[in-house]
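Worksheet for the structure shown next.
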Amino acid sequence: MSSLEVREALGNPAALRTVFTVLTNKYVFGGFLLYGLGAVVWLAVLSKWDVSKAYPLVGLGFAITVVVGFALGEQVGVLRGMGVLLICCGVFIVSRT
């Protein structure tokens, strides 16, 4: 959403062309595709596990997001790293019950 093409399109009045420009951006389209894939995987997990055990896995999404962000050049501070570590510890504890 931060590409120049998308920002320029969103700066114009809402129109069908704006929607088309945003949705056909390869990164936005890829994001929607991955989001849909995640929903399918989540439904598969819920079909096999109890919600109380499966839902903490959502927390692992934070860890994955931080790793991807770091790989893309985002700054990951000590506090954020510690927060993600706490989330991972919580997921581990829940998985052991």
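Identifiers in the structure tokens: chain A, B, ... in order shown; residue index from 1 per chain; ligand index from 1 in order shown.
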**OP:** Identify, with DSSP run on backbone atoms, the residues in chain A assigned to alpha helix (DSSP H), and express the list as an MDAnalysis selection string.
**Re:** chainID A and resid 4:11 16:23 26:48 51:54 58:71 78:95
Subject >> For range 82-85 of chain A: contacts at 10 Å, only C-alpha atoms, fewer than 2 positions along chain excluded, given as a count of residues only >> reply: 17
For range 3-7 of chain A, find every residue with an atom within 10 Å (counting only C-alpha atoms), except residues of its own chain fewer than 2 positions away, and show them as a PDB file with N, CA and C atoms, in the first residue's frame.
```
ATOM      1  N   MET A   1       0.821  -1.191   0.000  1.00  0.00           N
ATOM      2  CA  MET A   1       0.000   0.000   0.000  1.00  0.00           C
ATOM      3  C   MET A   1       0.863   1.253   0.000  1.00  0.00           C
ATOM      4  N   ALA A   9      -3.031   6.790  -6.488  1.00  0.00           N
ATOM      5  CA  ALA A   9      -4.413   6.404  -6.773  1.00  0.00           C
ATOM      6  C   ALA A   9      -5.319   6.720  -5.585  1.00  0.00           C
ATOM      7  N   LEU A  10      -4.826   6.481  -4.379  1.00  0.00           N
ATOM      8  CA  LEU A  10      -5.638   6.756  -3.194  1.00  0.00           C
ATOM      9  C   LEU A  10      -5.750   8.245  -2.909  1.00  0.00           C
ATOM     10  N   GLY A  11      -4.856   9.045  -3.473  1.00  0.00           N
ATOM     11  CA  GLY A  11      -4.924  10.491  -3.296  1.00  0.00           C
ATOM     12  C   GLY A  11      -5.994  11.137  -4.157  1.00  0.00           C
ATOM     13  N   ASN A  12      -6.458  10.432  -5.167  1.00  0.00           N
ATOM     14  CA  ASN A  12      -7.510  10.943  -6.044  1.00  0.00           C
ATOM     15  C   ASN A  12      -8.873  10.618  -5.461  1.00  0.00           C
ATOM     16  N   THR A  18      -9.589   4.012  -9.274  1.00  0.00           N
ATOM     17  CA  THR A  18      -8.799   3.914  -8.044  1.00  0.00           C
ATOM     18  C   THR A  18      -8.829   2.495  -7.515  1.00  0.00           C
ATOM     19  N   VAL A  19     -10.011   1.914  -7.451  1.00  0.00           N
ATOM     20  CA  VAL A  19     -10.165   0.543  -6.968  1.00  0.00           C
ATOM     21  C   VAL A  19      -9.396  -0.417  -7.862  1.00  0.00           C
ATOM     22  N   THR A  21      -6.789   0.235  -9.801  1.00  0.00           N
ATOM     23  CA  THR A  21      -5.345   0.453  -9.643  1.00  0.00           C
ATOM     24  C   THR A  21      -4.831  -0.221  -8.383  1.00  0.00           C
ATOM     25  N   VAL A  22      -5.566  -0.080  -7.294  1.00  0.00           N
ATOM     26  CA  VAL A  22      -5.126  -0.668  -6.033  1.00  0.00           C
ATOM     27  C   VAL A  22      -5.176  -2.190  -6.101  1.00  0.00           C
ATOM     28  N   LEU A  23      -6.276  -2.748  -6.585  1.00  0.00           N
ATOM     29  CA  LEU A  23      -6.440  -4.203  -6.598  1.00  0.00           C
ATOM     30  C   LEU A  23      -5.538  -4.910  -7.595  1.00  0.00           C
ATOM     31  N   THR A  24      -5.091  -4.212  -8.626  1.00  0.00           N
ATOM     32  CA  THR A  24      -4.211  -4.853  -9.603  1.00  0.00           C
ATOM     33  C   THR A  24      -2.736  -4.652  -9.281  1.00  0.00           C
ATOM     34  N   ASN A  25      -2.435  -3.929  -8.210  1.00  0.00           N
ATOM     35  CA  ASN A  25      -1.046  -3.809  -7.773  1.00  0.00           C
ATOM     36  C   ASN A  25      -0.587  -5.187  -7.322  1.00  0.00           C
ATOM     37  N   TYR A  27       1.597  -6.281  -5.249  1.00  0.00           N
ATOM     38  CA  TYR A  27       1.783  -6.500  -3.816  1.00  0.00           C
ATOM     39  C   TYR A  27       0.441  -6.564  -3.079  1.00  0.00           C
ATOM     40  N   VAL A  28      -0.483  -5.721  -3.459  1.00  0.00           N
ATOM     41  CA  VAL A  28      -1.816  -5.757  -2.854  1.00  0.00           C
ATOM     42  C   VAL A  28      -2.513  -7.059  -3.232  1.00  0.00           C
TER      43      VAL A  28
END
```
Original post:
Which value, in Å to one decimal, gives the distance between CA of Lys26 in chain A and CA of Glu74 in chain A?
Top reply: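 CA of Lys26 in chain A sits 20.6 Å away from CA of Glu74 in chain A.
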